[in-house]
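Asks: Data: final_4.cif, mmCIF, C-alpha atoms.
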data_entry
loop_
_atom_site.label_atom_id
_atom_site.label_comp_id
_atom_site.auth_asym_id
_atom_site.auth_seq_id
_atom_site.Cartn_x
_atom_site.Cartn_y
_atom_site.Cartn_z
CA MET B 1 -69.60 -4.27 -101.72
CA ALA B 2 -69.88 -5.91 -105.10
CA ALA B 3 -69.58 -4.65 -108.65
CA VAL B 4 -72.48 -4.77 -111.05
CA SER B 5 -72.87 -3.64 -114.62
CA MET B 6 -75.97 -3.41 -116.74
CA THR B 7 -77.54 -1.34 -119.48
CA VAL B 8 -80.07 1.25 -118.33
CA ASN B 9 -82.07 3.16 -120.93
CA GLY B 10 -79.52 2.22 -123.56
CA LYS B 11 -76.49 3.37 -121.58
CA ALA B 12 -73.92 1.05 -120.02
CA VAL B 13 -73.74 1.68 -116.27
CA THR B 14 -71.69 0.18 -113.48
CA GLY B 15 -71.96 0.39 -109.75
CA ASN B 16 -70.37 -0.82 -106.57
CA VAL B 17 -73.19 -1.79 -104.25
CA ASP B 18 -74.02 -3.54 -101.01
CA PRO B 19 -75.54 -6.92 -102.04
CA ARG B 20 -78.75 -5.87 -100.25
CA THR B 21 -79.35 -3.05 -102.73
CA LEU B 22 -82.64 -3.43 -104.54
CA LEU B 23 -82.84 -2.53 -108.21
CA VAL B 24 -85.15 0.38 -107.39
CA GLN B 25 -82.60 1.75 -104.89
CA PHE B 26 -79.84 1.37 -107.44
CA LEU B 27 -81.87 3.27 -110.03
CA ARG B 28 -82.96 6.04 -107.70
CA GLU B 29 -79.96 6.49 -105.43
CA ASN B 30 -76.97 5.48 -107.56
CA LEU B 31 -78.19 6.54 -110.99
CA ARG B 32 -80.50 9.35 -109.77
CA LEU B 33 -83.30 8.07 -111.98
CA THR B 34 -86.08 9.02 -109.60
CA GLY B 35 -88.96 8.46 -112.02
CA THR B 36 -89.25 4.90 -110.74
CA HIS B 37 -91.13 5.17 -107.45
CA VAL B 38 -91.30 3.16 -104.25
CA GLY B 39 -94.89 2.89 -103.10
CA CYS B 40 -95.54 -0.12 -100.92
CA ASP B 41 -92.11 -1.80 -101.05
CA THR B 42 -93.95 -5.15 -100.79
CA SER B 43 -94.50 -5.99 -104.50
CA GLN B 44 -98.16 -5.03 -104.39
CA CYS B 45 -98.54 -1.52 -105.81
CA GLY B 46 -96.51 -1.46 -109.01
CA ALA B 47 -95.16 2.10 -108.65
CA CYS B 48 -91.68 0.63 -109.17
CA VAL B 49 -92.33 -1.27 -112.41
CA VAL B 50 -89.49 -1.21 -114.94
CA HIS B 51 -88.68 -3.46 -117.88
CA ILE B 52 -85.92 -6.02 -117.56
CA ASN B 53 -84.92 -7.50 -120.89
CA GLY B 54 -88.24 -6.28 -122.27
CA VAL B 55 -90.46 -7.66 -119.53
CA ALA B 56 -92.25 -5.72 -116.75
CA VAL B 57 -90.90 -6.44 -113.28
CA LYS B 58 -91.34 -4.88 -109.86
CA SER B 59 -87.96 -3.35 -109.15
CA CYS B 60 -88.54 -3.34 -105.37
CA THR B 61 -88.39 -7.12 -105.36
CA ILE B 62 -85.19 -7.81 -107.22
CA LEU B 63 -81.61 -7.24 -106.16
CA ALA B 64 -79.43 -4.99 -108.29
CA LEU B 65 -76.80 -7.76 -108.39
CA GLN B 66 -79.29 -10.11 -110.07
CA LEU B 67 -79.29 -7.72 -113.04
CA GLU B 68 -75.66 -8.30 -114.05
CA GLY B 69 -75.60 -7.92 -117.83
CA ALA B 70 -79.33 -7.14 -118.07
CA ASN B 71 -81.06 -4.52 -120.15
CA VAL B 72 -83.20 -2.23 -118.00
CA LEU B 73 -85.71 0.32 -119.27
CA THR B 74 -87.20 2.92 -116.92
CA ILE B 75 -89.78 5.65 -117.48
CA GLU B 76 -86.93 8.05 -118.25
CA GLY B 77 -85.93 5.90 -121.21
CA LEU B 78 -89.23 6.26 -123.08
CA ALA B 79 -88.59 9.72 -124.49
CA ALA B 80 -85.49 11.90 -124.56
CA PRO B 81 -85.69 15.24 -122.72
CA GLY B 82 -87.31 17.80 -124.98
CA ALA B 83 -88.38 15.17 -127.51
CA PRO B 84 -92.08 14.31 -128.03
CA LEU B 85 -93.53 12.02 -125.38
CA HIS B 86 -93.94 8.30 -126.01
CA PRO B 87 -97.47 7.64 -127.37
CA MET B 88 -98.45 5.93 -124.09
CA GLN B 89 -97.21 8.92 -122.06
CA GLU B 90 -99.05 11.25 -124.40
CA ALA B 91 -102.24 9.20 -123.97
CA PHE B 92 -102.01 9.50 -120.19
CA ARG B 93 -101.63 13.29 -120.58
CA GLU B 94 -104.47 13.57 -123.10
CA ASN B 95 -106.88 11.48 -121.04
CA HIS B 96 -105.83 12.88 -117.71
CA GLY B 97 -104.89 9.35 -116.65
CA LEU B 98 -103.61 10.50 -113.30
CA GLN B 99 -104.53 12.46 -110.23
CA CYS B 100 -101.52 12.80 -107.93
CA GLY B 101 -99.29 11.06 -110.47
CA PHE B 102 -97.34 8.90 -108.05
CA CYS B 103 -98.42 5.61 -109.65
CA THR B 104 -98.12 6.92 -113.22
CA PRO B 105 -94.57 5.76 -114.13
CA GLY B 106 -95.42 2.23 -113.04
CA MET B 107 -98.80 2.37 -114.77
CA ILE B 108 -97.13 3.40 -118.03
CA MET B 109 -94.39 0.76 -117.84
CA SER B 110 -97.02 -1.91 -117.10
CA SER B 111 -99.22 -0.63 -119.92
CA LEU B 112 -96.40 -1.09 -122.42
CA ASP B 113 -96.06 -4.68 -121.20
CA ILE B 114 -99.80 -5.20 -121.73
CA VAL B 115 -99.44 -3.98 -125.32
CA ARG B 116 -96.48 -6.34 -125.82
CA ARG B 117 -98.52 -9.30 -124.61
CA LYS B 118 -102.05 -8.46 -125.73
CA GLY B 119 -101.62 -6.24 -128.77
CA ASN B 120 -102.92 -2.78 -129.63
CA ASN B 121 -106.66 -3.38 -129.47
CA LEU B 122 -107.43 -3.60 -125.79
CA ASP B 123 -110.91 -3.76 -124.33
CA GLU B 124 -111.71 -2.34 -120.92
CA HIS B 125 -112.01 -5.73 -119.23
CA THR B 126 -108.56 -6.83 -120.43
CA ILE B 127 -106.96 -3.57 -119.31
CA ARG B 128 -108.50 -3.76 -115.84
CA GLU B 129 -107.49 -7.42 -115.45
CA GLU B 130 -103.96 -6.76 -116.63
CA LEU B 131 -103.50 -3.75 -114.36
CA ASP B 132 -103.99 -6.11 -111.41
CA GLY B 133 -100.46 -5.41 -110.20
CA ASN B 134 -100.73 -1.60 -110.22
CA ILE B 135 -102.56 0.35 -107.58
CA CYS B 136 -103.75 3.97 -107.84
CA ARG B 137 -104.60 5.16 -104.35
CA CYS B 138 -106.39 8.20 -105.75
CA THR B 139 -108.58 5.51 -107.38
CA GLY B 140 -108.30 7.29 -110.71
CA TYR B 141 -108.72 4.07 -112.64
CA HIS B 142 -111.38 5.25 -115.04
CA ASN B 143 -109.13 7.65 -116.93
CA ILE B 144 -106.14 5.34 -116.58
CA VAL B 145 -108.06 2.61 -118.39
CA LYS B 146 -109.08 5.07 -121.12
CA ALA B 147 -105.47 6.24 -121.43
CA VAL B 148 -104.12 2.70 -121.80
CA ALA B 149 -106.64 1.91 -124.56
CA ALA B 150 -105.82 5.15 -126.41
CA GLY B 151 -102.06 4.74 -125.93
CA ALA B 152 -102.15 1.17 -127.22
CA LYS B 153 -103.97 2.33 -130.37
CA ALA B 154 -101.56 5.24 -130.87
CA MET B 155 -98.59 2.88 -130.58
CA ALA B 156 -99.90 0.89 -133.54
CA LYS B 157 -99.74 4.02 -135.70
CA SER B 158 -96.37 5.31 -134.59
CA MET G 1 -82.63 -6.84 -94.79
CA TYR G 2 -79.63 -8.24 -92.98
CA ALA G 3 -76.34 -8.41 -94.84
CA PHE G 4 -75.44 -11.40 -97.00
CA THR G 5 -72.93 -12.37 -99.64
CA PHE G 6 -74.17 -12.81 -103.20
CA HIS G 7 -73.26 -15.63 -105.57
CA GLN G 8 -74.29 -16.26 -109.13
CA PRO G 9 -73.30 -19.78 -110.23
CA THR G 10 -73.78 -20.97 -113.80
CA THR G 11 -74.19 -24.70 -113.15
CA VAL G 12 -76.21 -26.76 -110.68
CA ARG G 13 -72.97 -28.28 -109.40
CA GLN G 14 -71.48 -24.87 -108.63
CA ALA G 15 -74.70 -23.93 -106.84
CA ALA G 16 -74.55 -27.13 -104.77
CA ASN G 17 -70.91 -26.43 -103.86
CA LEU G 18 -71.84 -22.93 -102.73
CA LEU G 19 -74.59 -24.37 -100.54
CA ALA G 20 -72.13 -26.85 -99.04
CA LYS G 21 -69.66 -24.06 -98.26
CA ASN G 22 -72.30 -21.74 -96.80
CA PRO G 23 -74.59 -23.71 -94.48
CA GLU G 24 -76.75 -20.63 -93.85
CA ALA G 25 -77.19 -19.91 -97.56
CA LYS G 26 -80.52 -19.68 -99.36
CA LEU G 27 -81.26 -20.32 -103.01
CA LEU G 28 -82.78 -17.39 -104.87
CA ALA G 29 -85.10 -18.39 -107.72
CA GLY G 30 -87.67 -15.73 -108.71
CA GLY G 31 -87.22 -14.06 -105.34
CA HIS G 32 -90.83 -12.97 -105.00
CA SER G 33 -91.29 -14.85 -101.74
CA LEU G 34 -87.72 -14.78 -100.44
CA ILE G 35 -86.90 -11.09 -100.91
CA PRO G 36 -90.11 -9.92 -99.17
CA VAL G 37 -89.42 -12.13 -96.13
CA MET G 38 -85.80 -10.94 -96.07
CA LYS G 39 -87.06 -7.35 -96.01
CA GLN G 40 -89.21 -8.25 -93.03
CA ARG G 41 -86.19 -9.90 -91.46
CA LEU G 42 -88.11 -13.15 -91.16
CA ALA G 43 -85.29 -14.74 -93.16
CA SER G 44 -81.65 -13.80 -92.72
CA PRO G 45 -79.50 -16.00 -94.95
CA SER G 46 -75.74 -15.44 -94.72
CA ALA G 47 -75.42 -16.00 -98.46
CA ILE G 48 -77.71 -15.80 -101.48
CA VAL G 49 -77.14 -18.24 -104.32
CA ASP G 50 -78.94 -16.79 -107.34
CA LEU G 51 -80.05 -19.49 -109.78
CA SER G 52 -80.98 -17.14 -112.63
CA LYS G 53 -77.76 -17.75 -114.56
CA VAL G 54 -77.77 -21.53 -114.15
CA GLU G 55 -78.16 -23.14 -117.54
CA GLY G 56 -80.48 -25.97 -118.46
CA ILE G 57 -83.01 -25.70 -115.65
CA SER G 58 -85.78 -23.77 -117.36
CA GLY G 59 -88.19 -24.60 -120.14
CA VAL G 60 -91.25 -26.75 -120.80
CA GLU G 61 -91.14 -29.98 -122.79
CA MET G 62 -92.88 -33.31 -123.28
CA LYS G 63 -90.81 -36.37 -122.37
CA GLY G 64 -92.66 -39.60 -123.01
CA ARG G 65 -95.96 -39.25 -121.21
CA SER G 66 -94.81 -36.53 -118.88
CA LEU G 67 -94.81 -32.78 -119.10
CA VAL G 68 -91.45 -31.68 -117.73
CA ILE G 69 -91.00 -28.16 -116.41
CA GLY G 70 -87.56 -26.82 -115.47
CA ALA G 71 -87.29 -25.44 -111.93
CA MET G 72 -86.43 -21.88 -113.06
CA THR G 73 -89.31 -21.63 -115.54
CA ARG G 74 -91.22 -18.42 -114.82
CA HIS G 75 -94.97 -18.55 -114.19
CA ALA G 76 -95.65 -16.46 -117.31
CA ASP G 77 -93.64 -18.87 -119.45
CA VAL G 78 -95.61 -21.92 -118.25
CA ALA G 79 -98.91 -20.06 -118.68
CA ASN G 80 -97.97 -19.12 -122.28
CA SER G 81 -96.34 -22.42 -123.19
CA VAL G 82 -97.99 -23.98 -126.23
CA VAL G 83 -96.59 -27.37 -125.19
CA ALA G 84 -98.11 -27.10 -121.72
CA LYS G 85 -101.45 -25.80 -122.97
CA GLU G 86 -101.75 -28.64 -125.48
CA ALA G 87 -100.63 -31.39 -123.12
CA MET G 88 -102.54 -30.33 -120.02
CA PRO G 89 -104.58 -27.11 -120.12
CA GLY G 90 -105.67 -27.75 -116.53
CA LEU G 91 -102.06 -27.49 -115.36
CA ALA G 92 -101.11 -24.65 -117.72
CA ALA G 93 -103.93 -22.57 -116.21
CA VAL G 94 -102.45 -22.77 -112.69
CA PRO G 95 -99.59 -20.21 -113.02
CA GLY G 96 -101.92 -17.69 -114.69
CA SER G 97 -103.78 -17.38 -111.39
CA ILE G 98 -100.67 -16.56 -109.33
CA GLY G 99 -100.07 -12.99 -108.18
CA ASP G 100 -100.16 -10.32 -110.88
CA PRO G 101 -98.50 -10.03 -114.32
CA GLN G 102 -95.23 -8.61 -112.99
CA VAL G 103 -94.98 -11.27 -110.30
CA ARG G 104 -95.64 -13.97 -112.92
CA ASN G 105 -92.76 -12.56 -114.97
CA MET G 106 -90.35 -13.37 -112.13
CA GLY G 107 -91.82 -16.17 -109.98
CA THR G 108 -90.72 -19.72 -110.75
CA ILE G 109 -92.24 -23.16 -110.33
CA GLY G 110 -89.17 -24.46 -108.49
CA GLY G 111 -89.26 -21.59 -106.02
CA SER G 112 -92.96 -22.03 -105.37
CA VAL G 113 -92.66 -25.77 -104.80
CA ALA G 114 -89.55 -25.49 -102.61
CA ASN G 115 -91.15 -22.77 -100.48
CA ASN G 116 -94.38 -24.78 -100.00
CA ASP G 117 -96.37 -21.77 -98.87
CA PRO G 118 -99.63 -23.16 -97.42
CA ASN G 119 -101.59 -20.87 -99.77
CA ALA G 120 -99.52 -21.44 -102.93
CA ASP G 121 -101.03 -22.94 -106.08
CA TYR G 122 -98.31 -25.15 -107.54
CA PRO G 123 -98.12 -27.53 -104.54
CA ALA G 124 -101.77 -28.43 -105.20
CA ALA G 125 -100.97 -29.09 -108.86
CA CYS G 126 -97.98 -31.29 -107.94
CA LEU G 127 -99.91 -33.32 -105.39
CA GLY G 128 -103.06 -33.34 -107.50
CA LEU G 129 -101.21 -34.85 -110.46
CA GLY G 130 -98.81 -37.11 -108.59
CA ALA G 131 -95.83 -35.20 -109.94
CA THR G 132 -92.20 -36.16 -109.39
CA ILE G 133 -89.83 -33.52 -108.06
CA VAL G 134 -86.37 -34.11 -109.52
CA THR G 135 -83.43 -32.69 -107.57
CA ASN G 136 -79.69 -32.75 -108.13
CA LYS G 137 -79.63 -35.84 -105.90
CA ARG G 138 -82.81 -37.88 -106.40
CA LYS G 139 -86.43 -38.06 -107.46
CA ILE G 140 -89.11 -37.39 -104.89
CA ALA G 141 -92.79 -38.25 -105.32
CA ALA G 142 -95.10 -35.32 -104.55
CA ASP G 143 -96.84 -37.50 -101.95
CA ASP G 144 -93.56 -37.61 -99.99
CA PHE G 145 -92.34 -34.10 -100.83
CA PHE G 146 -94.73 -31.73 -99.05
CA THR G 147 -94.21 -32.35 -95.35
CA GLY G 148 -96.05 -29.43 -93.75
CA MET G 149 -96.38 -25.66 -93.78
CA PHE G 150 -93.27 -24.17 -95.47
CA SER G 151 -91.51 -27.51 -95.14
CA THR G 152 -90.53 -30.13 -97.69
CA ALA G 153 -88.48 -33.31 -97.98
CA LEU G 154 -85.59 -31.30 -99.46
CA GLU G 155 -82.36 -31.84 -97.57
CA ASP G 156 -79.50 -29.41 -97.06
CA GLY G 157 -77.71 -28.80 -100.34
CA GLU G 158 -80.53 -30.25 -102.42
CA ILE G 159 -81.65 -28.24 -105.46
CA ILE G 160 -84.82 -28.81 -107.48
CA VAL G 161 -83.86 -29.20 -111.13
CA LYS G 162 -87.21 -30.00 -112.74
CA ILE G 163 -90.68 -31.29 -112.08
CA GLN G 164 -92.28 -34.11 -114.06
CA PHE G 165 -96.05 -34.11 -114.39
CA PRO G 166 -97.66 -37.29 -115.71
CA VAL G 167 -100.20 -36.18 -118.31
CA ALA G 168 -103.73 -36.74 -117.03
CA LYS G 169 -106.66 -36.94 -119.42
CA LYS G 170 -108.78 -34.89 -117.08
CA ALA G 171 -107.31 -32.24 -114.84
CA ALA G 172 -108.45 -28.87 -113.55
CA TYR G 173 -107.79 -26.33 -110.82
CA GLU G 174 -110.36 -24.14 -109.13
CA LYS G 175 -109.34 -21.43 -106.76
CA PHE G 176 -111.19 -19.14 -104.42
CA LYS G 177 -108.86 -16.16 -104.53
CA HIS G 178 -108.27 -13.85 -101.67
CA PRO G 179 -109.39 -10.62 -103.36
CA ALA G 180 -106.42 -8.54 -102.19
CA SER G 181 -103.46 -10.89 -102.18
CA GLY G 182 -104.55 -13.24 -104.97
CA PHE G 183 -103.43 -16.19 -102.86
CA ALA G 184 -105.73 -19.20 -102.61
CA LEU G 185 -108.13 -19.00 -99.70
CA VAL G 186 -108.96 -22.48 -100.92
CA GLY G 187 -107.68 -24.07 -104.12
CA VAL G 188 -108.50 -27.57 -105.32
CA PHE G 189 -106.69 -29.48 -108.05
CA VAL G 190 -108.39 -32.63 -109.37
CA SER G 191 -107.14 -35.15 -111.91
CA LYS G 192 -108.03 -38.49 -113.42
CA ARG G 193 -105.33 -40.59 -115.04
CA ALA G 194 -106.54 -44.13 -115.77
CA SER G 195 -107.58 -45.40 -112.33
CA ASP G 196 -105.52 -42.84 -110.43
CA ILE G 197 -107.84 -40.13 -109.14
CA ARG G 198 -106.50 -37.28 -107.07
CA VAL G 199 -107.99 -34.35 -105.19
CA ALA G 200 -105.43 -31.97 -103.66
CA VAL G 201 -106.25 -28.92 -101.58
CA THR G 202 -104.18 -25.81 -100.90
CA GLY G 203 -104.92 -22.76 -98.74
CA ALA G 204 -107.28 -24.56 -96.40
CA GLY G 205 -105.18 -26.87 -94.25
CA SER G 206 -103.15 -25.55 -91.32
CA ASN G 207 -100.46 -28.05 -92.30
CA GLY G 208 -100.23 -27.10 -95.97
CA VAL G 209 -101.38 -28.94 -99.05
CA PHE G 210 -103.26 -32.25 -98.57
CA ARG G 211 -105.30 -34.89 -100.43
CA VAL G 212 -108.96 -35.64 -99.73
CA LYS G 213 -109.29 -39.42 -99.77
CA SER G 214 -113.06 -39.40 -99.21
CA PHE G 215 -113.55 -37.29 -102.36
CA GLU G 216 -111.16 -39.48 -104.33
CA GLU G 217 -113.12 -42.61 -103.32
CA ALA G 218 -116.39 -40.99 -104.32
CA LEU G 219 -114.93 -39.95 -107.69
CA LYS G 220 -113.67 -43.47 -108.36
CA LYS G 221 -117.28 -44.60 -108.79
CA ARG G 222 -117.88 -41.89 -111.32
CA PHE G 223 -115.65 -38.95 -112.16
CA ALA G 224 -118.38 -36.30 -112.12
CA ALA G 225 -119.21 -33.28 -109.97
CA LYS G 226 -122.41 -35.07 -108.97
CA SER G 227 -120.41 -37.75 -107.17
CA LEU G 228 -119.33 -35.08 -104.66
CA GLU G 229 -122.78 -33.63 -104.10
CA GLY G 230 -123.34 -32.67 -100.48
CA MET G 231 -119.83 -33.74 -99.51
CA SER G 232 -117.49 -31.61 -97.42
CA ILE G 233 -114.63 -32.26 -95.03
CA PRO G 234 -114.37 -31.81 -91.27
CA ALA G 235 -113.28 -28.35 -90.09
CA THR G 236 -110.63 -29.78 -87.78
CA GLY G 237 -107.15 -28.96 -89.07
CA MET G 238 -108.40 -26.13 -91.29
CA ASN G 239 -106.92 -22.65 -91.08
CA SER G 240 -108.97 -20.02 -89.36
CA ASP G 241 -108.21 -16.30 -89.62
CA ILE G 242 -109.83 -12.93 -90.28
CA HIS G 243 -110.41 -13.93 -93.91
CA ALA G 244 -112.31 -17.16 -93.34
CA SER G 245 -113.22 -19.50 -90.49
CA ALA G 246 -112.22 -23.16 -90.45
CA GLU G 247 -115.82 -24.15 -91.14
CA TYR G 248 -116.06 -21.85 -94.15
CA ARG G 249 -112.80 -23.16 -95.57
CA ALA G 250 -113.98 -26.75 -95.08
CA HIS G 251 -117.19 -25.87 -96.92
CA LEU G 252 -115.24 -24.21 -99.75
CA VAL G 253 -113.17 -27.36 -100.23
CA GLY G 254 -116.37 -29.16 -101.29
CA VAL G 255 -117.52 -26.29 -103.51
CA MET G 256 -114.15 -25.84 -105.24
CA ALA G 257 -113.74 -29.60 -105.71
CA ARG G 258 -117.12 -29.85 -107.44
CA ARG G 259 -116.27 -26.87 -109.67
CA ALA G 260 -112.87 -28.34 -110.51
CA VAL G 261 -114.38 -31.71 -111.47
CA ALA G 262 -117.03 -29.93 -113.55
CA LYS G 263 -114.27 -27.99 -115.33
CA ALA G 264 -112.19 -31.13 -115.88
CA THR G 265 -115.13 -33.01 -117.39
CA ALA G 266 -116.52 -30.12 -119.44
#
Show me this structure written as structure tokens.
Replies:
Amino acid sequence: MAAVSMTVNGKAVTGNVDPRTLLVQFLRENLRLTGTHVGCDTSQCGACVVHINGVAVKSCTILALQLEGANVLTIEGLAAPGAPLHPMQEAFRENHGLQCGFCTPGMIMSSLDIVRRKGNNLDEHTIREELDGNICRCTGYHNIVKAVAAGAKAMAKS
Amino acid sequence: MYAFTFHQPTTVRQAANLLAKNPEAKLLAGGHSLIPVMKQRLASPSAIVDLSKVEGISGVEMKGRSLVIGAMTRHADVANSVVAKEAMPGLAAVPGSIGDPQVRNMGTIGGSVANNDPNADYPAACLGLGATIVTNKRKIAADDFFTGMFSTALEDGEIIVKIQFPVAKKAAYEKFKHPASGFALVGVFVSKRASDIRVAVTGAGSNGVFRVKSFEEALKKRFAAKSLEGMSIPATGMNSDIHASAEYRAHLVGVMARRAVAKATA
């Protein structure tokens, strides 16, 4: 076992983990933050996307110990319980950007990274290209793309 | 995954010492090839030496007539580097075609080159530009570095520190992507630097990245896509799998080479 400490959703956390522990396991099993999902576990599907120091990363393909001192943001960190949703979350709700919802946390975390890199005015082609690393097995992409465009615009206003 | 011990050195020397002490250790760069194969238990290192906290081995800069990229530079950082895009847009475009955005946020040039996956993109860029791989011990020419599928000239305890790319006036990469994995079914990097003309192919050969001398000779007469018209390479030694036959890959080498030259001369 080895000690690790990092900041998750603004809170300092520590853990004592087997070196094999993936970040997504640490989040889900140690911290009980189960909004980050494990879909494929092979860095294809993007259900596990979180932000590490502001950048979107697949948390199934990074060891918790690599994150010593890092700043991690998960879907739970976007809006406090009871508070209004983050504009991107709200856009997914408004546009029905989900069917079963399993891929949604990863889609939203990736969408925020797209806004960071590409700005608030996103055309459909850009969104589809940039969602390359996120898979929706319900194939609900049409509304997801609409949601990302609307969420990006709403973020500019908020 | 099998159990391992985890180490996080802050200098190249510390990392080298850890490798010397743990003969079964593996270096962890971006981890987007190593961690998946550890999950599959295809790799079972006794120790992981994480390079992410090692200082001074990431970044992109011009040094004389070379573009120098630190081993731990992430794909996204090379793709977005103003220095790289100005010096050699043909090279800067290579990392943008790797994996997906999240993978590019973690994957590194040093990891890609050291792994020498037969379908990886950076090995083609290194060989196609005549790059120099600088380790903690020596400098290795790309022509001597890639020694076969997943194998390189790196010795035990050797760590890639940076890669020097001589700036070529004309350089471009064309890739026929596997639609699901994004890996190169066939990728061709071409460059022209004074009289040095190179054509390097990834994804196609069953022994990893290789140069196509017949194409290089043809391009020496005139560096234009037309010089390669009708040319292809023999199918012997090409990969053959459910995605593409050896013959198809050999054919694609010609097509991608012509497109790459057209892009480089556009």
Asks: Determine, counting all atoms listed in the file, which protein, DNA and RNA residues have an atom within 10 Å of an atom of His37 of chain B; residues of the same chain fewer than 4 positions away are not included. Present the result as a list in words.
Replies: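 Listing them by chain and then by number gives Val24, Gln25, Leu27, Arg28, Leu33, Asp41, Gly46, Ala47, Cys48, Val49, Val50, Ser59, Cys60, Phe102, Cys103, Thr104, Pro105 and Gly106 of chain B.
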Asks: Of the candidates B:Ala2, B:Ala149, B:Val13, B:Val55, which shows the shortest atom-to-atom distance to Leu73 of chain B, using all atoms listed in the file?
Replies: B:Val55
Asks: If you take only C-alpha atoms and a cut-off of 12 Å, which residues of chain G touch chain B, and what are their nearest atom pairs and distances in Å to one decimal, in chain and number order, as CSV?
Replies:
residue,atom,partner,partner_atom,distance
G:Met1,CA,B:Arg20,CA,6.8
G:Tyr2,CA,B:Arg20,CA,7.7
G:Ala3,CA,B:Arg20,CA,6.4
G:Phe4,CA,B:Pro19,CA,6.7
G:Thr5,CA,B:Pro19,CA,6.5
G:Phe6,CA,B:Pro19,CA,6.2
G:His7,CA,B:Leu65,CA,9.1
G:Gln8,CA,B:Gln66,CA,8.0
G:Pro9,CA,B:Gln66,CA,11.4
G:Leu28,CA,B:Gln66,CA,9.6
G:Ala29,CA,B:Gln66,CA,10.4
G:Gly30,CA,B:Ile62,CA,8.4
G:Gly31,CA,B:Ile62,CA,6.8
G:His32,CA,B:Thr61,CA,6.3
G:Ser33,CA,B:Thr61,CA,9.0
G:Leu34,CA,B:Thr61,CA,9.1
G:Ile35,CA,B:Thr61,CA,6.1
G:Pro36,CA,B:Thr42,CA,6.3
G:Val37,CA,B:Thr42,CA,9.5
G:Met38,CA,B:Arg20,CA,9.6
G:Lys39,CA,B:Thr42,CA,8.7
G:Gln40,CA,B:Thr42,CA,9.6
G:Ser44,CA,B:Arg20,CA,11.3
G:Pro45,CA,B:Arg20,CA,11.5
G:Ser46,CA,B:Pro19,CA,11.2
G:Ala47,CA,B:Pro19,CA,9.8
G:Ile48,CA,B:Pro19,CA,9.2
G:Val49,CA,B:Gln66,CA,10.2
G:Asp50,CA,B:Gln66,CA,7.2
G:Leu51,CA,B:Gln66,CA,9.4
G:Ser52,CA,B:Gln66,CA,7.7
G:Lys53,CA,B:Gln66,CA,9.0
G:Arg74,CA,B:Val55,CA,11.8
G:Ala76,CA,B:Val55,CA,10.5
G:Asp77,CA,B:Val55,CA,11.7
G:Asn80,CA,B:Arg117,CA,10.1
G:Gly96,CA,B:Glu130,CA,11.3
G:Ser97,CA,B:Asp132,CA,11.3
G:Ile98,CA,B:Asp132,CA,11.2
G:Gly99,CA,B:Gly133,CA,7.9
G:Asp100,CA,B:Gly133,CA,5.0
G:Pro101,CA,B:Gly133,CA,6.5
G:Gln102,CA,B:Val57,CA,4.9
G:Val103,CA,B:Val57,CA,7.0
G:Arg104,CA,B:Val57,CA,8.9
G:Asn105,CA,B:Val57,CA,6.6
G:Met106,CA,B:Val57,CA,7.0
G:Gly107,CA,B:Val57,CA,10.3
G:Pro179,CA,B:Asp132,CA,10.7
G:Ala180,CA,B:Gln44,CA,9.2
G:Ser181,CA,B:Gln44,CA,8.2
G:Gly182,CA,B:Asp132,CA,9.6
Asks: So, counting only C-alpha atoms, which residue among B:Gly69, B:Gly151, B:Gly82, B:Gly140 is closest to Ile108 of chain B?
Replies: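 Closest to Ile108 of chain B, using only C-alpha atoms: B:Gly151.
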Asks: Please evaluate the PyMOL selection byres ((chain G and resi 114-123) around 7) against the displayed coordinates and give the resulting residues as a list of chain:residue names.
Replies: G:Val94, G:Ile109, G:Gly110, G:Gly111, G:Ser112, G:Val113, G:Ala124, G:Ala125, G:Cys126, G:Leu127, G:Met149, G:Phe150, G:Ser151, G:Thr152, G:Phe183, G:Ala184, G:Leu185, G:Thr202, G:Gly203, G:Gly208, G:Val209
Asks: Could you save the residues just selected, with C-alpha atoms, as a PDB file, keeping the file's coordinate frame?
Replies:
ATOM      1  CA  VAL G  94    -102.450 -22.770-112.690  1.00  0.00           C
ATOM      2  CA  ILE G 109     -92.240 -23.160-110.330  1.00  0.00           C
ATOM      3  CA  GLY G 110     -89.170 -24.460-108.490  1.00  0.00           C
ATOM      4  CA  GLY G 111     -89.260 -21.590-106.020  1.00  0.00           C
ATOM      5  CA  SER G 112     -92.960 -22.030-105.370  1.00  0.00           C
ATOM      6  CA  VAL G 113     -92.660 -25.770-104.800  1.00  0.00           C
ATOM      7  CA  ALA G 124    -101.770 -28.430-105.200  1.00  0.00           C
ATOM      8  CA  ALA G 125    -100.970 -29.090-108.860  1.00  0.00           C
ATOM      9  CA  CYS G 126     -97.980 -31.290-107.940  1.00  0.00           C
ATOM     10  CA  LEU G 127     -99.910 -33.320-105.390  1.00  0.00           C
ATOM     11  CA  MET G 149     -96.380 -25.660 -93.780  1.00  0.00           C
ATOM     12  CA  PHE G 150     -93.270 -24.170 -95.470  1.00  0.00           C
ATOM     13  CA  SER G 151     -91.510 -27.510 -95.140  1.00  0.00           C
ATOM     14  CA  THR G 152     -90.530 -30.130 -97.690  1.00  0.00           C
ATOM     15  CA  PHE G 183    -103.430 -16.190-102.860  1.00  0.00           C
ATOM     16  CA  ALA G 184    -105.730 -19.200-102.610  1.00  0.00           C
ATOM     17  CA  LEU G 185    -108.130 -19.000 -99.700  1.00  0.00           C
ATOM     18  CA  THR G 202    -104.180 -25.810-100.900  1.00  0.00           C
ATOM     19  CA  GLY G 203    -104.920 -22.760 -98.740  1.00  0.00           C
ATOM     20  CA  GLY G 208    -100.230 -27.100 -95.970  1.00  0.00           C
ATOM     21  CA  VAL G 209    -101.380 -28.940 -99.050  1.00  0.00           C
TER      22      VAL G 209
END
